[in-house]
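Trainee: The structure that follows is given in the form of structure tokens.
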Amino acid sequence: MRRYLIAGNWKMNKTNNEAVNLAKRIFSDSQGIEKVDIIICPPFTAIAPVYNVIKDSNIRLGAQNMFYENEGAYTGEISGEFLKSIGCEFVIIGHSERRKYFNETDVEVNKKVKKSMAFGLTPIVCVGETLEEREKGKTEEVVKREIVGALQGQTDMDKIIYAYEPIWAIGTGKTAHPEDANKIHKLIRDIIKTDFRIDETRILYGGSVKSSNAEALMSQPDIDGSLVGGASLDAKSFVEIIKAAANLS
Ligand code: PGA
């Protein structure tokens, strides 16, 4: 039986006070749910205070990004080692907002994946097509390019988590049809199996996941959980998604 994973990406939201309050609510409302893995990814500034709230719970901590160098003259950047030292175990890499607003390329994503693992972090690698690419029938080509780009030259690949996030579905209220999403998840699984010889992989779906659509998406055979943006900013809606996964377990 697969174990679902629900990850909350808080993006650039929540002051430290707000983050601590949200983490406390998620902690109390999700108590007793043991069949689902839960990760929350606050902004950098709130990671340490949130760690103090959840350190004795089954909620784990992730960051939303990191740089691929160890340390040095890289103003404004954060290293994997810093993240590890404040209780992070996971890091989102290659989110489409990073690719779009900060021009992150497949080459940088690859370096970040490598460096995150060197520091003992588990990367959550995001891939997905734009609406234009989808309309041109390029979804599979784009997803394959991003997956192969992220994994080139990596070792220890069996730890990596993937998130398929069609860009047109992020923050728009539009969700991929569960069967269409599953087709891409299956494609990702097949690429990882045939090209990289990894048998077991967790692949999350992201893009306007909410309590009303979570169950339909996660009941698909290749959707192993959700990367949740907007709906993770509210404890009630985030925990409802966690419960949907628990009900399917
Ligand atoms: P959303 O964001 O749930 O708000 O669409 C998902 C994500 O960007 O990870």
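Chain labels A, B, ... are given in the sequence in which chains occur in the structure tokens; within each chain residues are numbered consecutively from 1, and ligands are likewise numbered from 1 in the order shown.
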Collect all residues with atoms no farther than 8 Å from ligand 1, counting only C-alpha atoms and all ligand atoms, and output them as a PDB file with N, CA and C atoms, in the first residue's frame.
Mentor:
```
ATOM      1  N   GLY A   8       2.635  21.305   1.917  1.00  0.00           N
ATOM      2  CA  GLY A   8       2.074  22.654   1.803  1.00  0.00           C
ATOM      3  C   GLY A   8       3.166  23.643   1.436  1.00  0.00           C
ATOM      4  N   ASN A   9       2.981  24.335   0.325  1.00  0.00           N
ATOM      5  CA  ASN A   9       3.929  25.349  -0.121  1.00  0.00           C
ATOM      6  C   ASN A   9       3.329  26.713   0.209  1.00  0.00           C
ATOM      7  N   LYS A  11       4.632  29.581  -0.047  1.00  0.00           N
ATOM      8  CA  LYS A  11       5.110  30.649  -0.943  1.00  0.00           C
ATOM      9  C   LYS A  11       5.497  31.898  -0.126  1.00  0.00           C
ATOM     10  N   HIS A  95      10.446  25.012  -8.768  1.00  0.00           N
ATOM     11  CA  HIS A  95       9.022  25.396  -8.849  1.00  0.00           C
ATOM     12  C   HIS A  95       8.846  26.330 -10.054  1.00  0.00           C
ATOM     13  N   SER A  96       7.699  26.232 -10.710  1.00  0.00           N
ATOM     14  CA  SER A  96       7.508  27.022 -11.936  1.00  0.00           C
ATOM     15  C   SER A  96       7.618  28.527 -11.664  1.00  0.00           C
ATOM     16  N   GLU A  97       7.275  28.959 -10.442  1.00  0.00           N
ATOM     17  CA  GLU A  97       7.415  30.393 -10.150  1.00  0.00           C
ATOM     18  C   GLU A  97       8.891  30.796 -10.097  1.00  0.00           C
ATOM     19  N   GLU A 165       3.183  19.755 -11.773  1.00  0.00           N
ATOM     20  CA  GLU A 165       2.332  20.922 -11.570  1.00  0.00           C
ATOM     21  C   GLU A 165       2.125  21.631 -12.908  1.00  0.00           C
ATOM     22  N   ALA A 169      -2.538  25.450 -14.106  1.00  0.00           N
ATOM     23  CA  ALA A 169      -3.443  25.065 -13.006  1.00  0.00           C
ATOM     24  C   ALA A 169      -3.018  25.680 -11.673  1.00  0.00           C
ATOM     25  N   ILE A 170      -1.839  26.326 -11.649  1.00  0.00           N
ATOM     26  CA  ILE A 170      -1.331  26.835 -10.364  1.00  0.00           C
ATOM     27  C   ILE A 170      -1.987  28.156 -10.019  1.00  0.00           C
ATOM     28  N   GLY A 171      -2.684  28.172  -8.899  1.00  0.00           N
ATOM     29  CA  GLY A 171      -3.296  29.397  -8.394  1.00  0.00           C
ATOM     30  C   GLY A 171      -4.429  29.922  -9.257  1.00  0.00           C
ATOM     31  N   THR A 172      -4.910  29.124 -10.186  1.00  0.00           N
ATOM     32  CA  THR A 172      -5.924  29.610 -11.123  1.00  0.00           C
ATOM     33  C   THR A 172      -7.310  29.068 -10.815  1.00  0.00           C
ATOM     34  N   GLY A 173      -7.358  28.058  -9.946  1.00  0.00           N
ATOM     35  CA  GLY A 173      -8.650  27.411  -9.687  1.00  0.00           C
ATOM     36  C   GLY A 173      -8.948  26.323 -10.708  1.00  0.00           C
ATOM     37  N   GLY A 206       0.248  18.934  -8.227  1.00  0.00           N
ATOM     38  CA  GLY A 206       0.026  20.280  -7.698  1.00  0.00           C
ATOM     39  C   GLY A 206      -0.652  21.155  -8.724  1.00  0.00           C
ATOM     40  N   GLY A 207      -1.452  22.085  -8.245  1.00  0.00           N
ATOM     41  CA  GLY A 207      -2.170  23.011  -9.126  1.00  0.00           C
ATOM     42  C   GLY A 207      -3.622  23.065  -8.705  1.00  0.00           C
ATOM     43  N   SER A 208      -3.936  24.061  -7.837  1.00  0.00           N
ATOM     44  CA  SER A 208      -5.306  24.262  -7.357  1.00  0.00           C
ATOM     45  C   SER A 208      -5.916  23.038  -6.682  1.00  0.00           C
ATOM     46  N   VAL A 209      -5.077  22.307  -5.931  1.00  0.00           N
ATOM     47  CA  VAL A 209      -5.634  21.195  -5.148  1.00  0.00           C
ATOM     48  C   VAL A 209      -6.382  21.783  -3.962  1.00  0.00           C
ATOM     49  N   LYS A 210      -7.574  21.286  -3.732  1.00  0.00           N
ATOM     50  CA  LYS A 210      -8.375  21.700  -2.563  1.00  0.00           C
ATOM     51  C   LYS A 210      -9.154  20.493  -2.062  1.00  0.00           C
ATOM     52  N   LEU A 227       1.003  18.594  -3.779  1.00  0.00           N
ATOM     53  CA  LEU A 227       1.752  19.791  -3.383  1.00  0.00           C
ATOM     54  C   LEU A 227       0.733  20.926  -3.436  1.00  0.00           C
ATOM     55  N   VAL A 228       0.429  21.466  -2.273  1.00  0.00           N
ATOM     56  CA  VAL A 228      -0.706  22.377  -2.136  1.00  0.00           C
ATOM     57  C   VAL A 228      -0.212  23.794  -1.885  1.00  0.00           C
ATOM     58  N   GLY A 229      -0.655  24.752  -2.684  1.00  0.00           N
ATOM     59  CA  GLY A 229      -0.281  26.149  -2.472  1.00  0.00           C
ATOM     60  C   GLY A 229      -1.352  26.861  -1.668  1.00  0.00           C
ATOM     61  N   GLY A 230      -2.256  27.541  -2.374  1.00  0.00           N
ATOM     62  CA  GLY A 230      -3.279  28.378  -1.734  1.00  0.00           C
ATOM     63  C   GLY A 230      -4.014  27.688  -0.585  1.00  0.00           C
ATOM     64  N   ALA A 231      -4.442  26.461  -0.795  1.00  0.00           N
ATOM     65  CA  ALA A 231      -5.244  25.780   0.233  1.00  0.00           C
ATOM     66  C   ALA A 231      -4.414  25.347   1.444  1.00  0.00           C
ATOM     67  N   SER A 232      -3.077  25.512   1.362  1.00  0.00           N
ATOM     68  CA  SER A 232      -2.257  25.158   2.540  1.00  0.00           C
ATOM     69  C   SER A 232      -2.099  26.343   3.487  1.00  0.00           C
TER      70      SER A 232
END
```
Trainee: So that each row is one residue of segment 29-108 of chain A with an atom at most 9 Å from segment 119-143 of chain A, can you give its shortest atom pair and the distance in Å to one decimal, using only C-alpha atoms, rows by chain and rising number, as a tab-separated table?
Mentor:
```
residue	atom	partner	partner_atom	distance
A:Gly62	CA	A:Thr122	CA	8.7
A:Gly80	CA	A:Phe119	CA	6.0
A:Glu81	CA	A:Phe119	CA	5.9
A:Leu83	CA	A:Leu121	CA	8.5
A:Lys84	CA	A:Leu121	CA	7.0
A:Cys88	CA	A:Leu121	CA	7.4
A:Glu89	CA	A:Leu121	CA	5.0
A:Phe90	CA	A:Thr122	CA	4.5
A:Val91	CA	A:Pro123	CA	4.9
A:Ile92	CA	A:Ile124	CA	4.6
A:Ile93	CA	A:Val125	CA	4.9
A:Gly94	CA	A:Cys126	CA	5.3
A:His95	CA	A:Cys126	CA	5.1
A:Ser96	CA	A:Cys126	CA	7.1
```
Trainee: Report the residues of segment 119-207 of chain A whose backbone DSSP state falls under alpha helix (DSSP H), written as a ChimeraX atom specification.
Mentor: /A:131-135,139-151,178-196
Trainee: Just N, CA, C and O atoms for this one: save the residues we selected as a compact mmCIF listing (two decimals), in the first residue's frame.
Mentor:
```txt
# COMPACT_ATOMS: atom_id res chain seq x y z
N LEU A 131 0.34 26.75 -20.43
CA LEU A 131 -0.88 26.55 -21.22
C LEU A 131 -0.53 26.48 -22.71
O LEU A 131 -1.04 25.64 -23.45
N GLU A 132 0.38 27.36 -23.12
CA GLU A 132 0.77 27.40 -24.52
C GLU A 132 1.40 26.06 -24.96
O GLU A 132 1.08 25.52 -26.01
N GLU A 133 2.27 25.57 -24.10
CA GLU A 133 2.91 24.28 -24.43
C GLU A 133 1.87 23.16 -24.49
O GLU A 133 1.92 22.28 -25.34
N ARG A 134 0.92 23.24 -23.58
CA ARG A 134 -0.12 22.21 -23.57
C ARG A 134 -0.93 22.28 -24.87
O ARG A 134 -1.21 21.27 -25.50
N GLU A 135 -1.31 23.51 -25.24
CA GLU A 135 -2.14 23.66 -26.44
C GLU A 135 -1.41 23.23 -27.70
O GLU A 135 -2.01 22.82 -28.68
N THR A 139 3.18 18.87 -23.90
CA THR A 139 3.26 18.55 -22.47
C THR A 139 4.30 17.47 -22.19
O THR A 139 5.18 17.62 -21.34
N GLU A 140 4.22 16.38 -22.92
CA GLU A 140 5.10 15.24 -22.62
C GLU A 140 6.56 15.59 -22.87
O GLU A 140 7.44 15.22 -22.10
N GLU A 141 6.78 16.33 -23.97
CA GLU A 141 8.15 16.72 -24.31
C GLU A 141 8.75 17.62 -23.20
O GLU A 141 9.90 17.43 -22.78
N VAL A 142 7.95 18.58 -22.72
CA VAL A 142 8.44 19.52 -21.70
C VAL A 142 8.72 18.78 -20.38
O VAL A 142 9.79 18.94 -19.77
N VAL A 143 7.79 17.93 -19.99
CA VAL A 143 7.95 17.21 -18.73
C VAL A 143 9.18 16.31 -18.81
O VAL A 143 9.99 16.24 -17.88
N LYS A 144 9.34 15.65 -19.92
CA LYS A 144 10.50 14.75 -20.08
C LYS A 144 11.80 15.56 -20.01
O LYS A 144 12.75 15.18 -19.33
N ARG A 145 11.83 16.70 -20.70
CA ARG A 145 13.04 17.52 -20.69
C ARG A 145 13.38 17.98 -19.26
O ARG A 145 14.53 17.93 -18.83
N GLU A 146 12.35 18.38 -18.52
CA GLU A 146 12.60 18.87 -17.16
C GLU A 146 13.05 17.74 -16.22
O GLU A 146 13.92 17.94 -15.38
N ILE A 147 12.46 16.58 -16.38
CA ILE A 147 12.84 15.44 -15.51
C ILE A 147 14.28 15.01 -15.83
O ILE A 147 15.12 14.88 -14.93
N VAL A 148 14.56 14.81 -17.10
CA VAL A 148 15.90 14.36 -17.49
C VAL A 148 16.93 15.43 -17.10
O VAL A 148 18.00 15.12 -16.57
N GLY A 149 16.58 16.70 -17.30
CA GLY A 149 17.48 17.79 -16.93
C GLY A 149 17.78 17.79 -15.44
O GLY A 149 18.93 17.95 -15.02
N ALA A 150 16.77 17.57 -14.63
CA ALA A 150 16.97 17.59 -13.17
C ALA A 150 17.82 16.41 -12.70
O ALA A 150 18.55 16.52 -11.73
N LEU A 151 17.71 15.30 -13.41
CA LEU A 151 18.33 14.07 -12.90
C LEU A 151 19.70 13.74 -13.48
O LEU A 151 20.40 12.88 -12.94
N PRO A 178 -8.38 14.48 -13.39
CA PRO A 178 -7.58 13.45 -12.71
C PRO A 178 -6.94 12.44 -13.66
O PRO A 178 -5.78 12.08 -13.50
N GLU A 179 -7.71 12.02 -14.68
CA GLU A 179 -7.12 11.02 -15.59
C GLU A 179 -6.01 11.59 -16.46
O GLU A 179 -5.03 10.91 -16.76
N ASP A 180 -6.16 12.85 -16.86
CA ASP A 180 -5.10 13.50 -17.65
C ASP A 180 -3.85 13.66 -16.80
O ASP A 180 -2.72 13.43 -17.25
N ALA A 181 -4.04 14.08 -15.54
CA ALA A 181 -2.89 14.25 -14.64
C ALA A 181 -2.21 12.90 -14.45
O ALA A 181 -0.98 12.79 -14.50
N ASN A 182 -3.03 11.87 -14.26
CA ASN A 182 -2.45 10.55 -14.01
C ASN A 182 -1.58 10.08 -15.19
O ASN A 182 -0.56 9.44 -15.00
N LYS A 183 -2.01 10.45 -16.40
CA LYS A 183 -1.25 10.06 -17.60
C LYS A 183 0.17 10.63 -17.54
O LYS A 183 1.15 9.96 -17.85
N ILE A 184 0.28 11.87 -17.08
CA ILE A 184 1.60 12.50 -17.00
C ILE A 184 2.41 11.91 -15.83
O ILE A 184 3.61 11.69 -15.94
N HIS A 185 1.71 11.61 -14.74
CA HIS A 185 2.41 10.95 -13.62
C HIS A 185 2.99 9.61 -14.06
O HIS A 185 4.10 9.25 -13.71
N LYS A 186 2.20 8.91 -14.84
CA LYS A 186 2.65 7.59 -15.33
C LYS A 186 3.86 7.77 -16.25
O LYS A 186 4.83 7.01 -16.19
N LEU A 187 3.81 8.82 -17.08
CA LEU A 187 4.93 9.11 -17.97
C LEU A 187 6.20 9.38 -17.15
O LEU A 187 7.27 8.85 -17.44
N ILE A 188 6.06 10.19 -16.10
CA ILE A 188 7.22 10.51 -15.24
C ILE A 188 7.75 9.22 -14.61
O ILE A 188 8.96 8.96 -14.61
N ARG A 189 6.84 8.42 -14.10
CA ARG A 189 7.27 7.16 -13.46
C ARG A 189 8.02 6.27 -14.47
O ARG A 189 9.04 5.68 -14.15
N ASP A 190 7.49 6.23 -15.69
CA ASP A 190 8.13 5.38 -16.71
C ASP A 190 9.52 5.90 -17.08
O ASP A 190 10.45 5.13 -17.25
N ILE A 191 9.65 7.23 -17.19
CA ILE A 191 10.97 7.81 -17.54
C ILE A 191 11.97 7.45 -16.44
O ILE A 191 13.09 7.03 -16.70
N ILE A 192 11.53 7.61 -15.20
CA ILE A 192 12.44 7.37 -14.07
C ILE A 192 12.82 5.90 -13.99
O ILE A 192 13.96 5.55 -13.70
N LYS A 193 11.87 5.07 -14.35
CA LYS A 193 12.13 3.62 -14.30
C LYS A 193 13.05 3.19 -15.45
O LYS A 193 14.06 2.53 -15.23
N THR A 194 12.71 3.60 -16.65
CA THR A 194 13.49 3.10 -17.78
C THR A 194 14.82 3.85 -17.95
O THR A 194 15.85 3.23 -18.15
N ASP A 195 14.80 5.16 -17.82
CA ASP A 195 16.04 5.91 -18.07
C ASP A 195 16.96 5.92 -16.86
O ASP A 195 18.17 6.06 -17.00
N PHE A 196 16.38 5.83 -15.64
CA PHE A 196 17.22 5.98 -14.45
C PHE A 196 17.18 4.77 -13.51
O PHE A 196 17.79 4.78 -12.46
```
Trainee: Tell me which of A:Ile241, A:Ala19, A:Ile86, A:Met66 sits closest to Lys111 of chain A, counting only C-alpha atoms.
Mentor: A:Met66
Trainee: Set the distance at 8 Å and use only C-alpha atoms: which residues neighbour Pro43 of chain A once local chain neighbours fewer than 3 positions away are removed? I'd like the list as a list in words.
Mentor: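 Once the nearby chain positions are removed, what remains is Trp10, Lys11, Met12, Asn13, Lys14, Ala46, Ile47, Ala63 and Gln64 of chain A.
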Trainee: Among segment 51-234 of chain A, which residues carry a DSSP assignment of strand (DSSP E or B), reported as a PyMOL selection string?
Mentor: chain A and resi 59-63+67+79+90-93+122-127+161-164+202-206+225-228
Trainee: Based on the selection just made, write N, CA and C atoms of those residues as an mmCIF file, in the first residue's frame.
Mentor:
```cif
data_model
loop_
_atom_site.group_PDB
_atom_site.id
_atom_site.type_symbol
_atom_site.label_atom_id
_atom_site.label_comp_id
_atom_site.auth_asym_id
_atom_site.auth_seq_id
_atom_site.Cartn_x
_atom_site.Cartn_y
_atom_site.Cartn_z
ATOM 1 N N ILE A 59 4.781 16.130 11.610
ATOM 2 C CA ILE A 59 4.872 17.084 10.488
ATOM 3 C C ILE A 59 6.347 17.386 10.243
ATOM 4 N N ARG A 60 6.743 17.359 8.968
ATOM 5 C CA ARG A 60 8.152 17.616 8.650
ATOM 6 C C ARG A 60 8.267 18.968 7.946
ATOM 7 N N LEU A 61 9.498 19.458 7.933
ATOM 8 C CA LEU A 61 9.719 20.805 7.404
ATOM 9 C C LEU A 61 10.451 20.807 6.069
ATOM 10 N N GLY A 62 10.008 21.682 5.192
ATOM 11 C CA GLY A 62 10.701 21.859 3.918
ATOM 12 C C GLY A 62 10.918 23.335 3.650
ATOM 13 N N ALA A 63 11.885 23.634 2.769
ATOM 14 C CA ALA A 63 12.083 25.003 2.292
ATOM 15 C C ALA A 63 11.555 25.069 0.862
ATOM 16 N N PHE A 67 20.213 27.603 -2.702
ATOM 17 C CA PHE A 67 21.226 27.851 -3.729
ATOM 18 C C PHE A 67 22.122 26.621 -3.852
ATOM 19 N N SER A 79 22.003 28.512 1.721
ATOM 20 C CA SER A 79 22.574 27.209 1.353
ATOM 21 C C SER A 79 21.805 26.058 1.991
ATOM 22 N N PHE A 90 13.411 18.706 3.762
ATOM 23 C CA PHE A 90 13.005 18.694 2.352
ATOM 24 C C PHE A 90 13.243 20.069 1.743
ATOM 25 N N VAL A 91 13.322 20.109 0.436
ATOM 26 C CA VAL A 91 13.404 21.417 -0.235
ATOM 27 C C VAL A 91 12.747 21.315 -1.612
ATOM 28 N N ILE A 92 11.854 22.256 -1.884
ATOM 29 C CA ILE A 92 11.211 22.315 -3.204
ATOM 30 C C ILE A 92 12.236 22.883 -4.183
ATOM 31 N N ILE A 93 12.398 22.237 -5.314
ATOM 32 C CA ILE A 93 13.366 22.725 -6.309
ATOM 33 C C ILE A 93 12.703 22.812 -7.683
ATOM 34 N N THR A 122 15.952 16.158 1.146
ATOM 35 C CA THR A 122 15.239 15.451 0.073
ATOM 36 C C THR A 122 14.605 16.476 -0.853
ATOM 37 N N PRO A 123 15.003 16.492 -2.123
ATOM 38 C CA PRO A 123 14.402 17.477 -3.026
ATOM 39 C C PRO A 123 13.004 17.064 -3.498
ATOM 40 N N ILE A 124 12.151 18.063 -3.634
ATOM 41 C CA ILE A 124 10.843 17.861 -4.276
ATOM 42 C C ILE A 124 10.953 18.611 -5.601
ATOM 43 N N VAL A 125 11.163 17.878 -6.670
ATOM 44 C CA VAL A 125 11.462 18.486 -7.969
ATOM 45 C C VAL A 125 10.162 18.749 -8.726
ATOM 46 N N CYS A 126 9.942 20.018 -9.089
ATOM 47 C CA CYS A 126 8.693 20.381 -9.759
ATOM 48 C C CYS A 126 8.877 20.468 -11.272
ATOM 49 N N VAL A 127 7.921 19.913 -11.983
ATOM 50 C CA VAL A 127 7.919 19.993 -13.443
ATOM 51 C C VAL A 127 6.492 20.285 -13.906
ATOM 52 N N ILE A 161 11.680 13.215 -4.622
ATOM 53 C CA ILE A 161 10.222 13.284 -4.772
ATOM 54 C C ILE A 161 9.947 14.216 -5.956
ATOM 55 N N TYR A 162 8.886 13.930 -6.713
ATOM 56 C CA TYR A 162 8.555 14.763 -7.875
ATOM 57 C C TYR A 162 7.186 15.392 -7.670
ATOM 58 N N ALA A 163 7.000 16.550 -8.278
ATOM 59 C CA ALA A 163 5.663 17.139 -8.278
ATOM 60 C C ALA A 163 5.358 17.552 -9.707
ATOM 61 N N TYR A 164 4.271 16.993 -10.241
ATOM 62 C CA TYR A 164 3.794 17.441 -11.543
ATOM 63 C C TYR A 164 2.806 18.571 -11.297
ATOM 64 N N ARG A 202 7.865 8.652 -5.531
ATOM 65 C CA ARG A 202 6.638 9.352 -5.143
ATOM 66 C C ARG A 202 6.449 10.571 -6.028
ATOM 67 N N ILE A 203 5.271 10.657 -6.635
ATOM 68 C CA ILE A 203 4.983 11.775 -7.534
ATOM 69 C C ILE A 203 3.707 12.475 -7.053
ATOM 70 N N LEU A 204 3.870 13.749 -6.664
ATOM 71 C CA LEU A 204 2.745 14.537 -6.166
ATOM 72 C C LEU A 204 2.114 15.301 -7.322
ATOM 73 N N TYR A 205 0.832 15.620 -7.185
ATOM 74 C CA TYR A 205 0.184 16.511 -8.135
ATOM 75 C C TYR A 205 0.024 17.873 -7.469
ATOM 76 N N GLY A 206 0.248 18.934 -8.227
ATOM 77 C CA GLY A 206 0.026 20.280 -7.698
ATOM 78 C C GLY A 206 -0.652 21.155 -8.724
ATOM 79 N N GLY A 225 0.085 11.890 -3.878
ATOM 80 C CA GLY A 225 -0.111 12.947 -2.892
ATOM 81 C C GLY A 225 -0.237 14.281 -3.591
ATOM 82 N N SER A 226 -0.162 15.365 -2.810
ATOM 83 C CA SER A 226 -0.389 16.690 -3.380
ATOM 84 C C SER A 226 0.629 17.694 -2.884
ATOM 85 N N LEU A 227 1.003 18.594 -3.779
ATOM 86 C CA LEU A 227 1.752 19.791 -3.383
ATOM 87 C C LEU A 227 0.733 20.926 -3.436
ATOM 88 N N VAL A 228 0.429 21.466 -2.273
ATOM 89 C CA VAL A 228 -0.706 22.377 -2.136
ATOM 90 C C VAL A 228 -0.212 23.794 -1.885
#
```
Trainee: Separation of atom CA of Met157 of chain A and atom CA of Asp199 of chain A, in Å?
Mentor: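 Answer for the atom CA of Met157 of chain A to atom CA of Asp199 of chain A separation: 10.4 Å.
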